[in-house]
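Everything on this sheet refers to the single structure shown next.
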Amino acid sequence: MKYHYVWLLWSSAFLVPWIALYAAARSRRREMLNVSLATSLLGLSEPIFVPEYWNPPSLFELAQRTGFDIESFIFCFAIGGIGVVFYNAVTRLDVRPVAQGERHSTRHRLHRIALLAPYLVFPPLYLLPWNPIYA
């Protein structure tokens with residue numbers, strides 16, 4: 001028996017809480033949609049992992065044929081939107097900008113380096129002979 005719809009079903013299942021949050025968090029809809037669209041692009045990283053790390057039963061066997069699949073874009077879209085809104089929706093806390101004085105405190109001095117680290121480290125690791133997810 002072929003299981004081509006399993007990955008589609010489970011990746012689409014994350015759209016259920018996404019839709020519920022989108023309906024509940026009216027003030028955060030624009031942010032949720034923007035982040036979802038941005039994180040859906042992480043589906044483009046699929047060829048790095050298929051088939052060395054995992055080999056999903058994708059629709060039309062796209063993952064096996066091309067390295068890309070529709071389900072990864074759906075999954076990344078839903079997870080990004082849920083991730084950006086869920087905590088604040090549950091706790092009913094609102095996001096506020098960090099005060100200018102706080103931004104320049106010593107405890108925030110490494111944030112830019114931390115944000116840039118994946119972009120600096122990942123390309124050289126990708127050139128190594130093993131799968132980058134293990135590095």
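Chain labels run A, B, ... following the order of the structure tokens; each chain numbers its residues from 1, and ligands are numbered from 1 in the order shown.
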Could you name the residues that touch A:Gly67 at 10 Å or less, counting only C-alpha atoms, but leaving out those on the same chain fewer than 3 positions away, as a ChimeraX atom specification?
/A:44-51,55,61-64
Among chain A, which ones does DSSP place in helix (DSSP H, G or I), written as number ranges by chain?
A: 6-13, 15-24, 26-49, 59-66, 70-91, 100-103, 106-108, 111-126
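In this structure, atom CA of A:Arg29 sits 13.8 Å away from atom CA of A:Phe77.
Contact shell of A:Leu42 at 12 Å (only C-alpha atoms; same-chain neighbours under 6 positions omitted): Val35, Ser36, Ile48, Phe68, Asp69, Ile70, Glu71, Ser72, Phe73, Ile74, Phe75, Cys76, Phe77, Ala78, Ile79 and Gly80 of chain A.
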Excluding A:Glu31 and residues on its chain fewer than 6 positions from it, collect all residues at most 9 Å away from it, counting only C-alpha atoms, and give them as a PyMOL selection string.
chain A and resi 81+84-85
Export, as a CSV table (one decimal), in the first residue's frame, the selected residues with all heavy atoms.
```csv
chain,number,residue,atom,x,y,z
A,81,GLY,N,3.6,30.6,11.5
A,81,GLY,CA,2.5,31.4,12.0
A,81,GLY,C,2.1,31.0,13.4
A,81,GLY,O,1.9,31.9,14.2
A,84,VAL,N,4.9,32.3,16.0
A,84,VAL,CA,5.0,33.7,16.2
A,84,VAL,C,3.8,34.2,17.1
A,84,VAL,O,4.0,35.2,17.8
A,84,VAL,CB,5.1,34.5,14.9
A,84,VAL,CG1,3.8,34.6,14.2
A,84,VAL,CG2,5.7,35.9,15.1
A,85,VAL,N,2.7,33.6,17.1
A,85,VAL,CA,1.5,34.1,17.8
A,85,VAL,C,1.1,33.3,19.0
A,85,VAL,O,0.5,33.9,20.0
A,85,VAL,CB,0.3,34.2,16.8
A,85,VAL,CG1,-0.9,34.6,17.5
A,85,VAL,CG2,0.7,35.2,15.7
```
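Using only C-alpha atoms for every distance, the candidate list A:Thr106, A:Ala89, A:Leu115, A:Arg96 yields A:Ala89 as the residue closest to A:Ala20.
Closest approach to A:Trp7 among A:Arg92, A:Leu59, A:Arg28, A:Trp54 is made by A:Leu59 (distances from only C-alpha atoms).
Compared by their closest atoms to A:Asn88, and using only C-alpha atoms, the residues A:Ile113, A:Tyr5, A:Ser27, A:Trp10 rank with A:Ser27 nearest.
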